[in-house]
>>> print(open('final-v9.cif').read())   # mmCIF, C-alpha atoms
data_query
loop_
_atom_site.label_atom_id
_atom_site.label_comp_id
_atom_site.auth_asym_id
_atom_site.auth_seq_id
_atom_site.Cartn_x
_atom_site.Cartn_y
_atom_site.Cartn_z
CA MET A 846 36.07 57.20 54.46
CA GLN A 847 33.02 55.06 54.56
CA SER A 848 33.12 51.62 52.98
CA TRP A 849 31.07 50.65 49.95
CA ALA A 850 29.00 48.27 52.08
CA SER A 851 28.01 51.14 54.36
CA MET A 852 27.05 53.14 51.31
CA LYS A 853 24.68 50.37 50.18
CA ALA A 854 23.24 50.10 53.69
CA MET A 855 22.54 53.80 53.82
CA ALA A 856 20.88 53.66 50.41
CA ALA A 857 18.74 50.71 51.49
CA VAL A 858 17.50 52.60 54.55
CA SER A 859 16.50 55.65 52.56
CA ALA A 860 15.19 53.71 49.51
CA PRO A 861 11.49 53.40 50.52
CA GLN A 862 11.08 57.17 50.71
CA ALA A 863 12.54 57.76 47.25
CA PRO A 864 9.88 58.32 44.57
CA SER A 865 12.30 58.47 41.65
CA ARG A 866 15.87 57.93 40.57
CA MET A 867 16.83 61.40 41.88
CA LEU A 868 15.88 60.87 45.53
CA CYS A 869 16.75 64.18 47.10
CA ASN A 870 15.24 67.52 46.14
CA ALA A 871 18.03 69.48 47.77
CA SER A 872 20.46 71.48 45.71
CA CYS A 873 23.22 68.99 46.47
CA CYS A 874 21.34 66.21 44.67
CA LYS A 875 20.40 68.23 41.62
CA PRO A 876 22.63 67.98 38.58
CA SER A 877 23.97 71.49 39.14
CA GLY A 878 24.95 70.77 42.75
CA MET A 879 26.35 67.27 42.29
CA PRO A 880 30.08 66.74 42.15
CA GLN A 881 31.41 66.01 38.74
CA GLY A 882 32.44 62.44 39.66
CA VAL A 883 28.92 61.65 40.88
CA ARG A 884 27.37 63.05 37.72
CA ILE A 885 29.70 60.86 35.63
CA ILE A 886 28.76 57.78 37.65
CA MET A 887 25.04 58.56 37.25
CA ALA A 888 25.32 59.32 33.54
CA ARG A 889 27.25 56.14 32.76
CA GLY A 890 25.05 53.97 34.98
CA ILE A 891 28.10 52.48 36.72
CA SER A 892 27.13 49.71 39.16
CA SER A 893 30.57 48.49 40.22
CA SER A 894 32.13 49.98 43.36
CA ARG A 895 35.62 49.76 41.90
CA GLU A 896 34.63 51.62 38.77
CA ALA A 897 32.86 54.27 40.83
CA ALA A 898 35.91 54.81 43.06
CA ALA A 899 38.15 55.09 40.02
CA VAL A 900 35.90 57.74 38.48
CA LEU A 901 35.87 59.76 41.72
CA GLN A 902 39.62 59.67 41.95
CA GLN A 903 40.01 60.83 38.39
CA SER A 904 37.61 63.73 38.94
CA GLN A 905 39.53 64.80 42.10
CA HIS A 906 36.33 64.98 44.13
CA ARG A 907 37.02 62.15 46.47
CA SER A 908 37.06 64.39 49.61
CA SER A 909 33.82 66.10 48.78
CA PHE A 910 32.27 62.74 47.87
CA VAL A 911 33.14 61.42 51.33
CA ALA A 912 31.98 64.57 53.07
CA ARG A 913 28.58 64.71 51.42
CA ASP A 914 26.45 61.95 52.83
CA SER A 915 23.50 62.76 50.57
CA ASP A 916 25.59 61.98 47.49
CA LEU A 917 26.48 58.59 48.95
CA LYS A 918 22.82 57.85 49.48
CA VAL A 919 21.98 58.73 45.89
CA ILE A 920 24.82 56.66 44.43
CA GLY A 921 24.24 53.69 46.72
CA PHE A 922 20.51 53.60 46.13
CA ASN A 923 20.85 53.82 42.36
CA LEU A 924 23.41 51.04 42.31
CA LEU A 925 21.22 48.86 44.54
CA SER A 926 17.97 49.59 42.69
CA SER A 927 19.66 48.93 39.35
CA SER A 928 20.86 45.52 40.54
CA SER A 929 17.49 44.77 42.16
CA SER A 930 15.54 45.69 39.04
CA ARG A 931 17.67 43.34 36.93
CA ARG A 932 17.12 40.50 39.39
CA ALA A 933 13.40 41.25 39.44
CA ARG A 934 13.19 41.14 35.65
CA GLN A 935 15.06 37.84 35.61
CA GLU A 936 12.71 36.43 38.27
CA ASP A 937 9.69 37.59 36.23
CA VAL A 938 10.97 35.82 33.12
CA VAL A 939 11.62 32.58 35.04
CA GLU A 940 8.18 32.77 36.68
CA ALA A 941 6.48 33.41 33.32
CA ARG A 942 8.21 30.44 31.72
CA ALA A 943 7.34 28.19 34.66
CA THR A 944 3.70 29.31 34.55
CA THR A 945 3.47 28.69 30.81
CA ALA A 946 5.00 25.21 31.16
CA ALA A 947 2.52 24.36 33.95
CA GLY A 948 -0.43 25.26 31.74
CA GLY A 949 -1.46 28.34 33.72
CA GLY A 950 -1.30 31.97 32.75
CA THR A 951 -0.82 35.32 34.47
CA GLU A 952 -0.97 38.81 33.18
CA SER A 953 2.82 39.19 33.37
CA ALA A 954 3.37 36.02 31.28
CA GLY A 955 0.52 36.62 28.82
CA GLU A 956 2.58 37.98 25.98
CA GLY A 957 5.24 35.26 26.22
CA GLU A 958 2.54 32.58 26.48
CA ALA A 959 0.81 33.90 23.38
CA ALA A 960 4.08 33.90 21.48
CA ASP A 961 4.83 30.34 22.61
CA SER A 962 1.31 29.24 21.67
CA GLY A 963 1.68 30.79 18.24
CA THR A 964 4.95 28.97 17.73
CA VAL A 965 3.41 25.66 18.82
CA VAL A 966 0.39 26.13 16.56
CA GLU A 967 2.62 27.05 13.64
CA THR A 968 4.84 24.02 14.25
CA ALA A 969 1.82 21.72 14.54
CA ALA A 970 0.34 23.11 11.33
CA THR A 971 3.64 22.61 9.52
CA GLN A 972 3.91 19.04 10.81
CA GLN A 973 0.29 18.34 9.85
CA GLN A 974 0.87 19.66 6.34
CA ALA A 975 4.00 17.51 6.06
CA ASP A 976 1.99 14.46 7.19
CA VAL A 977 -0.72 15.22 4.62
CA ASP A 978 1.85 15.59 1.85
CA GLY A 979 3.53 12.34 2.89
CA SER A 980 0.19 10.53 3.08
CA SER A 981 -0.81 11.81 -0.37
CA THR A 982 2.50 10.65 -1.82
CA SER A 983 2.08 7.27 -0.16
CA GLU A 984 -1.48 6.89 -1.48
CA TRP A 985 -0.36 7.83 -4.99
CA GLY A 986 2.42 5.26 -4.72
CA LYS A 987 0.02 2.51 -3.65
CA THR A 988 -2.43 3.39 -6.41
CA LEU A 989 0.36 3.36 -8.98
CA ARG A 990 1.62 -0.05 -7.83
CA LEU A 991 -1.90 -1.51 -7.81
CA GLY A 992 -2.60 -0.10 -11.27
CA SER A 993 0.66 -1.60 -12.51
CA LEU A 994 -0.37 -5.01 -11.16
CA PHE A 995 -3.73 -4.82 -12.94
CA GLY A 996 -1.95 -3.81 -16.13
CA LEU A 997 0.44 -6.76 -15.86
CA TRP A 998 -2.46 -9.10 -15.10
CA TYR A 999 -4.26 -8.09 -18.29
CA LEU A 1000 -1.08 -8.02 -20.40
CA PHE A 1001 0.10 -11.49 -19.36
CA ASN A 1002 -3.40 -12.87 -19.93
CA ILE A 1003 -3.62 -11.40 -23.43
CA TYR A 1004 -0.25 -12.78 -24.48
CA PHE A 1005 -0.98 -16.16 -22.89
CA ASN A 1006 -4.18 -16.57 -24.89
CA ILE A 1007 -2.52 -15.47 -28.14
CA TYR A 1008 0.61 -17.65 -27.84
CA ASN A 1009 -1.34 -20.57 -26.43
CA LYS A 1010 -3.85 -20.50 -29.26
CA GLN A 1011 -1.05 -20.31 -31.86
CA VAL A 1012 0.63 -23.39 -30.38
CA LEU A 1013 -2.58 -25.41 -30.00
CA LYS A 1014 -3.56 -24.72 -33.61
CA VAL A 1015 -0.41 -26.46 -34.93
CA PHE A 1016 0.22 -28.83 -32.00
CA PRO A 1017 -3.19 -30.21 -30.89
CA PHE A 1018 -2.07 -31.98 -27.73
CA PRO A 1019 -3.63 -30.05 -24.83
CA ILE A 1020 -2.44 -32.40 -22.07
CA THR A 1021 1.20 -32.03 -23.13
CA ILE A 1022 0.87 -28.25 -23.49
CA THR A 1023 -0.81 -27.94 -20.09
CA ASN A 1024 1.86 -30.04 -18.40
CA LEU A 1025 4.57 -28.01 -20.14
CA GLN A 1026 3.03 -24.85 -18.71
CA PHE A 1027 3.07 -26.35 -15.22
CA ALA A 1028 6.73 -27.31 -15.74
CA VAL A 1029 7.64 -23.74 -16.73
CA GLY A 1030 5.73 -22.46 -13.69
CA GLY A 1031 7.59 -24.91 -11.46
CA VAL A 1032 10.95 -23.62 -12.72
CA ILE A 1033 9.86 -20.04 -12.01
CA VAL A 1034 8.80 -21.04 -8.49
CA LEU A 1035 12.14 -22.71 -7.75
CA LEU A 1036 14.05 -19.70 -9.12
CA MET A 1037 12.05 -17.37 -6.87
CA TRP A 1038 12.81 -19.46 -3.81
CA VAL A 1039 16.51 -19.98 -4.62
CA THR A 1040 17.21 -16.32 -5.47
CA GLY A 1041 15.18 -15.04 -2.54
CA LEU A 1042 12.68 -13.09 -4.67
CA HIS A 1043 10.03 -14.68 -2.49
CA LYS A 1044 10.59 -16.42 0.82
CA LYS A 1045 10.07 -20.16 0.53
CA PRO A 1046 7.92 -21.97 3.08
CA SER A 1047 9.95 -22.79 6.16
CA SER A 1048 8.02 -25.96 6.85
CA ILE A 1049 4.88 -27.62 5.51
CA SER A 1050 3.04 -30.21 7.55
CA GLN A 1051 1.58 -33.39 6.13
CA ASN A 1052 -1.91 -32.18 7.01
CA GLN A 1053 -1.36 -29.04 4.96
CA LEU A 1054 -0.20 -31.05 1.95
CA LEU A 1055 -3.24 -33.31 2.23
CA ALA A 1056 -5.50 -30.25 2.35
CA ILE A 1057 -3.75 -28.71 -0.69
CA LEU A 1058 -3.94 -31.91 -2.76
CA PRO A 1059 -7.66 -31.59 -3.72
CA LEU A 1060 -7.04 -27.96 -4.70
CA ALA A 1061 -4.15 -29.04 -6.92
CA CYS A 1062 -6.36 -31.67 -8.56
CA VAL A 1063 -9.14 -29.27 -9.54
CA HIS A 1064 -6.54 -26.65 -10.54
CA THR A 1065 -4.98 -29.18 -12.90
CA LEU A 1066 -8.31 -30.19 -14.42
CA GLY A 1067 -9.50 -26.59 -14.74
CA ASN A 1068 -6.47 -25.50 -16.76
CA LEU A 1069 -6.53 -28.70 -18.82
CA PHE A 1070 -10.18 -28.20 -19.80
CA THR A 1071 -9.48 -24.55 -20.67
CA ASN A 1072 -6.68 -25.57 -23.05
CA MET A 1073 -8.89 -28.26 -24.55
CA SER A 1074 -11.54 -25.62 -25.27
CA LEU A 1075 -9.01 -23.14 -26.67
CA GLY A 1076 -7.78 -25.82 -29.05
CA LYS A 1077 -11.29 -26.44 -30.40
CA VAL A 1078 -13.02 -23.03 -30.55
CA ALA A 1079 -12.13 -19.35 -30.78
CA VAL A 1080 -10.53 -17.62 -27.82
CA SER A 1081 -13.40 -15.14 -27.64
CA PHE A 1082 -15.98 -17.91 -27.45
CA THR A 1083 -14.10 -19.80 -24.71
CA HIS A 1084 -14.00 -16.69 -22.55
CA THR A 1085 -17.65 -15.96 -23.24
CA ILE A 1086 -18.55 -19.42 -21.92
CA LYS A 1087 -16.26 -18.92 -18.92
CA ALA A 1088 -18.34 -15.89 -18.03
CA MET A 1089 -20.79 -18.41 -16.55
CA GLU A 1090 -18.50 -19.00 -13.58
CA PRO A 1091 -20.87 -17.11 -11.19
CA PHE A 1092 -23.69 -19.50 -12.12
CA PHE A 1093 -21.65 -22.54 -11.07
CA SER A 1094 -20.33 -20.72 -8.01
CA VAL A 1095 -23.89 -20.17 -6.71
CA LEU A 1096 -24.91 -23.71 -7.64
CA LEU A 1097 -21.96 -25.46 -5.96
CA SER A 1098 -22.06 -23.22 -2.88
CA ALA A 1099 -25.71 -24.11 -2.35
CA ALA A 1100 -25.06 -27.83 -2.90
CA PHE A 1101 -21.93 -28.27 -0.77
CA LEU A 1102 -21.81 -25.31 1.62
CA GLY A 1103 -25.53 -24.90 2.27
CA GLU A 1104 -25.58 -21.24 1.17
CA VAL A 1105 -29.00 -20.10 -0.04
CA PRO A 1106 -28.50 -17.37 -2.67
CA ASN A 1107 -30.25 -14.04 -2.31
CA PRO A 1108 -33.08 -13.50 -4.85
CA LEU A 1109 -31.23 -10.51 -6.33
CA VAL A 1110 -28.13 -12.66 -6.82
CA VAL A 1111 -30.23 -15.26 -8.63
CA ALA A 1112 -31.74 -12.51 -10.80
CA THR A 1113 -28.29 -11.44 -11.99
CA LEU A 1114 -27.63 -14.97 -13.25
CA VAL A 1115 -30.40 -14.64 -15.85
CA PRO A 1116 -28.53 -12.23 -18.17
CA ILE A 1117 -25.34 -14.28 -17.73
CA VAL A 1118 -26.95 -17.54 -18.85
CA GLY A 1119 -29.04 -15.81 -21.51
CA GLY A 1120 -26.08 -13.92 -22.94
CA VAL A 1121 -23.90 -17.04 -23.18
CA ALA A 1122 -26.75 -18.97 -24.84
CA LEU A 1123 -27.27 -16.16 -27.36
CA ALA A 1124 -23.55 -15.99 -28.17
CA SER A 1125 -23.34 -19.79 -28.53
CA LEU A 1126 -26.19 -19.96 -31.03
CA THR A 1127 -24.43 -17.55 -33.37
CA GLU A 1128 -20.81 -18.62 -32.80
CA ALA A 1129 -19.10 -19.50 -36.08
CA SER A 1130 -16.51 -21.77 -34.45
CA PHE A 1131 -19.00 -23.58 -32.23
CA ASN A 1132 -18.49 -27.28 -31.57
CA TRP A 1133 -19.64 -29.38 -28.64
CA ALA A 1134 -16.15 -30.48 -27.58
CA GLY A 1135 -15.00 -26.89 -27.13
CA PHE A 1136 -18.27 -25.84 -25.49
CA LEU A 1137 -18.35 -28.71 -22.99
CA SER A 1138 -14.65 -28.33 -22.19
CA ALA A 1139 -15.19 -24.68 -21.28
CA MET A 1140 -18.19 -25.64 -19.14
CA ALA A 1141 -16.12 -28.33 -17.40
CA SER A 1142 -13.47 -25.69 -16.74
CA ASN A 1143 -16.08 -23.52 -15.03
CA VAL A 1144 -17.18 -26.42 -12.82
CA THR A 1145 -13.66 -27.37 -11.75
CA PHE A 1146 -12.47 -23.83 -11.05
CA GLN A 1147 -15.54 -23.06 -8.96
CA SER A 1148 -15.10 -26.38 -7.17
CA ARG A 1149 -11.64 -25.13 -6.20
CA ASN A 1150 -13.21 -22.07 -4.55
CA VAL A 1151 -15.73 -24.22 -2.69
CA LEU A 1152 -13.02 -26.62 -1.55
CA SER A 1153 -10.91 -23.71 -0.31
CA LYS A 1154 -13.76 -22.66 1.98
CA LYS A 1155 -14.62 -26.18 3.08
CA LEU A 1156 -11.11 -27.49 3.71
CA MET A 1157 -9.76 -24.21 5.09
CA VAL A 1158 -6.05 -24.67 4.35
CA LYS A 1159 -4.15 -23.12 7.24
CA LYS A 1160 -1.69 -20.53 5.90
CA GLU A 1161 0.70 -20.78 8.80
CA GLY A 1162 4.08 -19.08 8.85
CA SER A 1163 5.36 -18.29 5.37
CA LEU A 1164 2.60 -20.19 3.55
CA ASP A 1165 1.00 -17.10 2.00
CA ASN A 1166 -1.07 -16.90 -1.19
CA ILE A 1167 1.99 -16.88 -3.45
CA ASN A 1168 3.56 -19.91 -1.80
CA LEU A 1169 0.22 -21.71 -1.77
CA PHE A 1170 -0.11 -21.14 -5.52
CA SER A 1171 3.51 -22.21 -6.00
CA ILE A 1172 2.94 -25.50 -4.20
CA ILE A 1173 -0.25 -26.11 -6.19
CA THR A 1174 1.71 -25.53 -9.42
CA LEU A 1175 4.40 -28.05 -8.47
CA MET A 1176 1.82 -30.62 -7.39
CA SER A 1177 -0.16 -30.11 -10.61
CA PHE A 1178 2.95 -30.88 -12.67
CA PHE A 1179 3.53 -34.17 -10.86
CA LEU A 1180 -0.16 -35.06 -11.03
CA LEU A 1181 -0.44 -34.47 -14.78
CA THR A 1182 2.88 -36.02 -15.85
CA PRO A 1183 1.65 -39.67 -15.69
CA ALA A 1184 -1.52 -38.78 -17.65
CA THR A 1185 0.58 -36.96 -20.26
CA LEU A 1186 2.82 -39.98 -20.81
CA LEU A 1187 -0.08 -42.46 -20.85
CA VAL A 1188 -2.48 -40.53 -23.10
CA GLU A 1189 -0.31 -38.50 -25.47
CA GLY A 1190 3.18 -39.88 -24.93
CA VAL A 1191 6.32 -37.86 -25.56
CA ARG A 1192 5.28 -35.58 -28.39
CA PHE A 1193 6.96 -32.27 -27.80
CA THR A 1194 10.37 -33.15 -29.25
CA PRO A 1195 12.39 -31.59 -32.11
CA SER A 1196 12.13 -34.75 -34.20
CA TYR A 1197 8.34 -34.95 -33.88
CA LEU A 1198 7.86 -31.24 -34.62
CA GLN A 1199 10.11 -31.45 -37.67
CA ALA A 1200 8.28 -34.56 -38.89
CA ALA A 1201 5.02 -32.64 -38.56
CA GLY A 1202 6.50 -29.89 -40.76
CA LEU A 1203 6.65 -27.33 -37.98
CA ASP A 1204 9.31 -24.75 -37.22
CA VAL A 1205 10.82 -26.10 -34.00
CA LYS A 1206 12.24 -22.76 -32.89
CA VAL A 1207 9.00 -20.85 -33.43
CA VAL A 1208 6.77 -23.44 -31.77
CA ALA A 1209 9.15 -23.94 -28.83
CA THR A 1210 9.51 -20.17 -28.30
CA ARG A 1211 5.75 -19.60 -28.35
CA ALA A 1212 5.15 -22.54 -26.01
CA LEU A 1213 7.77 -21.20 -23.60
CA LEU A 1214 6.31 -17.66 -23.69
CA ALA A 1215 2.82 -19.09 -23.18
CA GLY A 1216 4.08 -21.00 -20.13
CA ILE A 1217 5.74 -17.91 -18.66
CA CYS A 1218 2.64 -15.78 -19.22
CA PHE A 1219 0.42 -18.58 -17.89
CA HIS A 1220 2.21 -18.69 -14.54
CA SER A 1221 2.79 -14.93 -14.37
CA TYR A 1222 -0.81 -13.84 -14.86
CA GLN A 1223 -2.05 -16.28 -12.21
CA GLN A 1224 0.61 -15.22 -9.72
CA VAL A 1225 -0.13 -11.53 -10.30
CA SER A 1226 -3.80 -12.36 -9.80
CA TYR A 1227 -2.98 -13.74 -6.34
CA MET A 1228 -0.91 -10.65 -5.57
CA ILE A 1229 -3.83 -8.39 -6.47
CA LEU A 1230 -6.22 -10.48 -4.39
CA ALA A 1231 -3.96 -9.89 -1.37
CA LYS A 1232 -4.30 -6.10 -1.83
CA VAL A 1233 -7.98 -5.63 -2.75
CA THR A 1234 -11.36 -7.03 -1.75
CA PRO A 1235 -12.78 -10.10 -3.53
CA VAL A 1236 -15.44 -7.88 -5.13
CA THR A 1237 -12.82 -5.55 -6.62
CA HIS A 1238 -10.91 -8.58 -7.85
CA SER A 1239 -14.10 -9.98 -9.42
CA VAL A 1240 -14.78 -6.71 -11.22
CA GLY A 1241 -11.17 -6.65 -12.42
CA ASN A 1242 -11.56 -10.21 -13.69
CA CYS A 1243 -14.69 -9.18 -15.62
CA VAL A 1244 -12.80 -6.29 -17.24
CA LYS A 1245 -9.93 -8.68 -18.03
CA ARG A 1246 -12.32 -11.01 -19.85
CA VAL A 1247 -13.66 -8.14 -21.95
CA ILE A 1248 -10.12 -7.06 -22.88
CA VAL A 1249 -9.09 -10.63 -23.78
CA ILE A 1250 -12.18 -11.13 -25.96
CA VAL A 1251 -11.70 -7.85 -27.83
CA THR A 1252 -7.94 -8.31 -28.38
CA SER A 1253 -8.33 -11.93 -29.53
CA VAL A 1254 -11.06 -10.96 -32.01
CA LEU A 1255 -8.83 -8.23 -33.43
CA PHE A 1256 -5.64 -10.34 -33.47
CA PHE A 1257 -7.10 -13.51 -34.98
CA ARG A 1258 -9.70 -11.60 -37.01
CA THR A 1259 -12.46 -13.76 -35.64
CA PRO A 1260 -15.78 -13.20 -37.46
CA VAL A 1261 -18.33 -11.82 -34.98
CA SER A 1262 -21.98 -11.25 -35.82
CA THR A 1263 -24.12 -8.56 -34.24
CA VAL A 1264 -26.14 -11.12 -32.27
CA ASN A 1265 -22.97 -12.81 -31.08
CA ALA A 1266 -21.50 -9.53 -29.86
CA LEU A 1267 -24.82 -8.66 -28.17
CA GLY A 1268 -24.91 -11.99 -26.34
CA THR A 1269 -21.33 -11.59 -25.16
CA GLY A 1270 -22.06 -8.06 -23.94
CA ILE A 1271 -25.18 -9.15 -22.03
CA ALA A 1272 -23.29 -11.99 -20.35
CA LEU A 1273 -20.40 -9.78 -19.26
CA THR A 1274 -22.78 -7.10 -17.99
CA GLY A 1275 -24.53 -9.75 -15.94
CA VAL A 1276 -21.20 -10.77 -14.42
CA PHE A 1277 -20.48 -7.18 -13.43
CA VAL A 1278 -23.92 -6.72 -11.84
CA TYR A 1279 -23.54 -10.06 -10.07
CA SER A 1280 -20.29 -8.95 -8.40
CA GLN A 1281 -21.90 -5.72 -7.22
CA VAL A 1282 -25.02 -7.39 -5.82
CA LYS A 1283 -22.98 -10.16 -4.22
CA SER A 1284 -20.97 -7.61 -2.27
CA LYS A 1285 -24.12 -6.07 -0.75
CA LYS A 1286 -26.45 -9.04 -0.38
CA GLY A 1287 -24.98 -11.94 1.51
CA ASP A 1288 -26.14 -15.53 1.22
CA LYS A 1289 -27.92 -17.29 4.06
CA LYS A 1290 -26.70 -20.55 5.53
CA ILE A 1291 -28.97 -23.59 5.50
CA LYS A 1292 -29.36 -24.86 9.07
#
>>> encode(input="final-v9.cif", output="structure tokens")
Amino acid sequence: MQSWASMKAMAAVSAPQAPSRMLCNASCCKPSGMPQGVRIIMARGISSSREAAAVLQQSQHRSSFVARDSDLKVIGFNLLSSSSSRRARQEDVVEARATTAAGGGTESAGEGEAADSGTVVETAATQQQADVDGSSTSEWGKTLRLGSLFGLWYLFNIYFNIYNKQVLKVFPFPITITNLQFAVGGVIVLLMWVTGLHKKPSSISQNQLLAILPLACVHTLGNLFTNMSLGKVAVSFTHTIKAMEPFFSVLLSAAFLGEVPNPLVVATLVPIVGGVALASLTEASFNWAGFLSAMASNVTFQSRNVLSKKLMVKKEGSLDNINLFSIITLMSFFLLTPATLLVEGVRFTPSYLQAAGLDVKVVATRALLAGICFHSYQQVSYMILAKVTPVTHSVGNCVKRVIVIVTSVLFFRTPVSTVNALGTGIALTGVFVYSQVKSKKGDKKIK
């Protein structure tokens, strides 16, 4: 009996001449002439020598299988070609994958490459869509937070002006009220730092404090003059006068920074000045003390902006806008305390309020709420300024002034004539146009 290895060798020798699976055209290799065991092996596609031998033994054709060399050739070649074809297919798959990974392409790997490309494109499209959805959600979140900040800015400002005016009407001591508001702000600052709501400055140099001191001085005077005006005239009229801030900004920038205003910027100041003048002529609550106090407030607040540019306080480390404002608030309290004691004395006490016939609880509650709103609206203003451009902040401030004027007129039922309303509208429109022109037309520096 020949071994299985010799059978494979014989099949390998005769394999090149075989055009098909049935290699021999003789009657012995046809299905009718094949032994039964061979036909079973061929039909089942058996490739194992042990299985083939077992089948031949069961069919009792082992002797004839050994005697007929042609049958051995057929079986051996089919077993060998079957194994070779499987290896060839495996090699084709490996080669196709390697070609695809290398960036090339052959005809045999074309279909697999196309399928892989489709999968990659589909995955990329899915990832891109997920990124777009995430970006849209993020943008909506940012817009919502920014809108909430603007809403809080306006709300705190409205309530500050209402409560502050109510207190100043029955307690006409603007220095004491202003210092009380700085004290409330100082407590809020310390609470933020202690509780960790906002990181406190790690270290502040003496040079930084010296640079901040002038800013604290003008901040103190600006808020003091505003309260003095609110105590003398209507809230709406004070804010109409404060609409002239751009006029003083251009004037002081030219005087101290050497910035020559663009002609279009100067043109926008005409409706601002004209509108304020028109509103002042027809203001029922007009008096010179309130008018001049509001004007002085404009000068001091715009001086603060000029000083900020000229001194250039270095915001190193954790000295951001919020901490800078916090330090200014604390310094303003200590700066104004001596003036409060010297000019007005200790007035805000239960005994004095009762002697004046005032409800201590009501006045104290309104003063406290005014102080909280006073600090809150200014801090939110700084937070907004850190998120938007100065022009956007200026436009938002113009809208805020309109809202405060309208709400104060409605709340206090301030009499407003048609000419007065027209003048206020012209002034506020001028402020809006000024902010737009200022963003597009820069000022030139005097050499």
>>> atom_distance(input="final-v9.cif", atom1="atom CA of A:Val1012", atom2="atom CA of A:Ser1142")
19.8 Å
>>> resolve_selection(input="final-v9.cif", expression="the PyMOL selection byres ((chain A and resi 1220) around 8)", output="PyMOL selection string")
chain A and resi 1026-1027+1029-1030+1216-1219+1221-1224
>>> residues_around(input="final-v9.cif", residues="A:Tyr1227", least_positions_apart="2", cutoff="8 Å", atoms="all atoms listed in the file", output="ChimeraX atom specification")
/A:1166-1167,1170,1223-1225,1229-1231
>>> closest_residue(input="final-v9.cif", among="A:Leu1036, A:Ile1117, A:Ala1184, A:Ala1028", to="A:Phe1092", atoms="only C-alpha atoms")
A:Ile1117
>>> resolve_selection(input="final-v9.cif", expression="the PyMOL selection byres ((chain A and resi 1069) around 8)", output="NGL selection string")
:A and (1019-1020 or 1023 or 1065-1068 or 1070-1073 or 1142)
>>> residues_around(input="final-v9.cif", residues="A:Leu1058", least_positions_apart="6", cutoff="9 Å", atoms="all atoms listed in the file", output="list in words")
Ile1173, Met1176 and Ser1177 of chain A
>>> closest_residue(input="final-v9.cif", among="A:Phe1093, A:Phe1101, A:Tyr999, A:Phe1131", to="A:Val1144", atoms="only C-alpha atoms")
A:Phe1093
>>> resolve_selection(input="final-v9.cif", expression="the PyMOL selection byres ((chain A and resi 1272-1280) around 8)", output="list in words")
Thr1085, Ala1088, Met1089, Pro1091, Val1110, Thr1113, Leu1114, Val1115, Pro1116, Ile1117, Val1118, Gly1119, Gly1120, Val1121, Val1236, Ser1239, Val1240, Cys1243, Val1247, Gly1268, Thr1269, Gly1270, Ile1271, Gln1281, Val1282, Lys1283 and Ser1284 of chain A
>>> write_last_selection(input="final-v9.cif", atoms="C-alpha atoms", output="PDB file, in the coordinates of the input")
ATOM      1  CA  THR A1085     -17.650 -15.960 -23.240  1.00  0.00           C
ATOM      2  CA  ALA A1088     -18.340 -15.890 -18.030  1.00  0.00           C
ATOM      3  CA  MET A1089     -20.790 -18.410 -16.550  1.00  0.00           C
ATOM      4  CA  PRO A1091     -20.870 -17.110 -11.190  1.00  0.00           C
ATOM      5  CA  VAL A1110     -28.130 -12.660  -6.820  1.00  0.00           C
ATOM      6  CA  THR A1113     -28.290 -11.440 -11.990  1.00  0.00           C
ATOM      7  CA  LEU A1114     -27.630 -14.970 -13.250  1.00  0.00           C
ATOM      8  CA  VAL A1115     -30.400 -14.640 -15.850  1.00  0.00           C
ATOM      9  CA  PRO A1116     -28.530 -12.230 -18.170  1.00  0.00           C
ATOM     10  CA  ILE A1117     -25.340 -14.280 -17.730  1.00  0.00           C
ATOM     11  CA  VAL A1118     -26.950 -17.540 -18.850  1.00  0.00           C
ATOM     12  CA  GLY A1119     -29.040 -15.810 -21.510  1.00  0.00           C
ATOM     13  CA  GLY A1120     -26.080 -13.920 -22.940  1.00  0.00           C
ATOM     14  CA  VAL A1121     -23.900 -17.040 -23.180  1.00  0.00           C
ATOM     15  CA  VAL A1236     -15.440  -7.880  -5.130  1.00  0.00           C
ATOM     16  CA  SER A1239     -14.100  -9.980  -9.420  1.00  0.00           C
ATOM     17  CA  VAL A1240     -14.780  -6.710 -11.220  1.00  0.00           C
ATOM     18  CA  CYS A1243     -14.690  -9.180 -15.620  1.00  0.00           C
ATOM     19  CA  VAL A1247     -13.660  -8.140 -21.950  1.00  0.00           C
ATOM     20  CA  GLY A1268     -24.910 -11.990 -26.340  1.00  0.00           C
ATOM     21  CA  THR A1269     -21.330 -11.590 -25.160  1.00  0.00           C
ATOM     22  CA  GLY A1270     -22.060  -8.060 -23.940  1.00  0.00           C
ATOM     23  CA  ILE A1271     -25.180  -9.150 -22.030  1.00  0.00           C
ATOM     24  CA  GLN A1281     -21.900  -5.720  -7.220  1.00  0.00           C
ATOM     25  CA  VAL A1282     -25.020  -7.390  -5.820  1.00  0.00           C
ATOM     26  CA  LYS A1283     -22.980 -10.160  -4.220  1.00  0.00           C
ATOM     27  CA  SER A1284     -20.970  -7.610  -2.270  1.00  0.00           C
TER      28      SER A1284
END
>>> atom_distance(input="final-v9.cif", atom1="atom CA of A:Ser1081", atom2="atom CA of A:His1064")
21.7 Å
>>> closest_residue(input="final-v9.cif", among="A:Ser1047, A:Lys1245, A:Val1080, A:Thr1237", to="A:Tyr1008", atoms="only C-alpha atoms")
A:Val1080
>>> closest_residue(input="final-v9.cif", among="A:Val1151, A:Val1207, A:Leu1186, A:Ile885", to="A:Val1015", atoms="all atoms listed in the file")
A:Val1207
>>> residues_around(input="final-v9.cif", residues="A:Phe1082", least_positions_apart="4", cutoff="12 Å", atoms="all atoms listed in the file", output="VMD selection string")
chain A and resid 1071 1074 to 1078 1086 to 1089 1120 to 1132 1135 to 1140 1246 to 1247 1249 to 1251 1253 to 1254 1259 to 1261 1265 to 1266 1268 to 1269 1272
